[in-house]
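Just below is one structure, and these are the notes that go with it.
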Amino acid sequence: MNTNKLLKILLMAATLLVLLFSTACASKNEIQSTDGQDLIKQGDAYMNCLKEGDWECAYELMSPFSQHELDDVVRMAGGVVKLENVIKTYAPKISEWAFDRAQFSTRGGITIGLLEGQVEYADGDHGKMSLEFEQDGETWKVRSTNLGKWTDGLP
């Protein structure tokens, strides 16, 4: 067997292995599972709070970790700006959202749930979104929020 043929066979074998491992290691979409449905319920509640501008409601649905982080920000910014006015002025105006992916992982002994989907804003713009959750007792609480935006209709 010549060297070129051997290299082609090795390259094809390596490609197949990469494809197999990437498929095997890909995160499973758990959107239909019981835990996935629990995330959607909490995610919808949180997004409704944001849509309505009910920041106290959103705060109650946050994890203790996130509440602590937000409390620190409020404490630091309190003497400089009126944070409530900044939030009312610059917070995104959400009109609709849909979750299409849920997955779970463990970080530092904490089970993390992730919801991903699409968001539409009141001005007609769209974007990708993700909500990260951690369990607080039996309840999933929002750990972080990522609301993206694109203006030309393309991701």
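So you can find residues: chains in the structure tokens are A, B, ... in the order shown, residues in each start at 1, and ligands are numbered from 1 in order.
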Checklist entry - Please, which residues of region 2-141 of chain A, numbered as in this document, come out alpha helix (DSSP H) from DSSP, as a PyMOL selection string? => result chain A and resi 3-25+34-52+55-60+64-77+83-90
Next on the checklist: Report as a VMD selection string all protein, DNA and RNA residues lying within 8 Å of Ser130 (chain A), evaluated on only C-alpha atoms, omitting residues in the same chain fewer than 2 positions from it.
Outcome noted: chain A and resid 114 to 117 128 132 145 to 147
Using N, CA and C atoms, can you write the selected residues to a file as a PDB file, in the first residue's frame?
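As written to disk, part32.pdb reads:
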ATOM      1  N   LEU A 114     -30.360  24.846  31.830  1.00  0.00           N
ATOM      2  CA  LEU A 114     -30.221  25.900  30.838  1.00  0.00           C
ATOM      3  C   LEU A 114     -31.376  25.831  29.859  1.00  0.00           C
ATOM      4  N   LEU A 115     -32.059  26.944  29.673  1.00  0.00           N
ATOM      5  CA  LEU A 115     -33.104  27.072  28.654  1.00  0.00           C
ATOM      6  C   LEU A 115     -32.600  28.017  27.583  1.00  0.00           C
ATOM      7  N   GLU A 116     -32.788  27.626  26.328  1.00  0.00           N
ATOM      8  CA  GLU A 116     -32.420  28.484  25.209  1.00  0.00           C
ATOM      9  C   GLU A 116     -33.619  28.653  24.303  1.00  0.00           C
ATOM     10  N   GLY A 117     -33.667  29.769  23.613  1.00  0.00           N
ATOM     11  CA  GLY A 117     -34.758  30.008  22.693  1.00  0.00           C
ATOM     12  C   GLY A 117     -34.619  31.333  21.977  1.00  0.00           C
ATOM     13  N   LYS A 128     -31.646  35.842  20.220  1.00  0.00           N
ATOM     14  CA  LYS A 128     -31.533  34.582  20.949  1.00  0.00           C
ATOM     15  C   LYS A 128     -31.511  34.902  22.427  1.00  0.00           C
ATOM     16  N   GLU A 132     -30.257  30.599  32.693  1.00  0.00           N
ATOM     17  CA  GLU A 132     -29.584  29.553  33.455  1.00  0.00           C
ATOM     18  C   GLU A 132     -30.239  29.474  34.828  1.00  0.00           C
ATOM     19  N   THR A 145     -29.305  35.559  33.100  1.00  0.00           N
ATOM     20  CA  THR A 145     -30.158  35.866  31.957  1.00  0.00           C
ATOM     21  C   THR A 145     -29.290  36.421  30.845  1.00  0.00           C
ATOM     22  N   ASN A 146     -29.510  35.945  29.625  1.00  0.00           N
ATOM     23  CA  ASN A 146     -28.802  36.479  28.474  1.00  0.00           C
ATOM     24  C   ASN A 146     -29.827  36.715  27.372  1.00  0.00           C
ATOM     25  N   LEU A 147     -30.136  37.979  27.111  1.00  0.00           N
ATOM     26  CA  LEU A 147     -31.085  38.339  26.065  1.00  0.00           C
ATOM     27  C   LEU A 147     -30.323  39.024  24.941  1.00  0.00           C
TER      28      LEU A 147
END
Once you count only C-alpha atoms, what closest atom pair and distance in Å to one decimal does each residue of region 98-150 of chain A within 9 Å of region 56-73 of chain A have, with rows by chain and rising residue number, as a tab-separated table?
residue	atom	partner	partner_atom	distance
A:Phe133	CA	A:Ser63	CA	7.6
A:Glu134	CA	A:Ser63	CA	6.8
A:Gln135	CA	A:Ser63	CA	7.8
A:Asp136	CA	A:Ser63	CA	6.8
A:Trp140	CA	A:Ser63	CA	8.0
A:Lys141	CA	A:Ser63	CA	4.6
A:Val142	CA	A:Met62	CA	4.4
A:Arg143	CA	A:Ser63	CA	5.4
A:Ser144	CA	A:Ser66	CA	7.1
Item to check | From A:Gln32, A:Ser95, A:Thr111, A:Gln118, residue lying nearest Cys49 (chain A) [only C-alpha atoms] | outcome: A:Ser95
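Closest approach to Ala45 (chain A) from the set A:Pro92, A:Trp150, A:Ile87, A:Trp97 is made by A:Trp97, with distances taken over only C-alpha atoms.
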Checklist entry - In region 8-135 of chain A, what's strand (DSSP E or B) per DSSP? Answer as a ChimeraX atom specification? => result /A:62,94-107,110-121,126-135
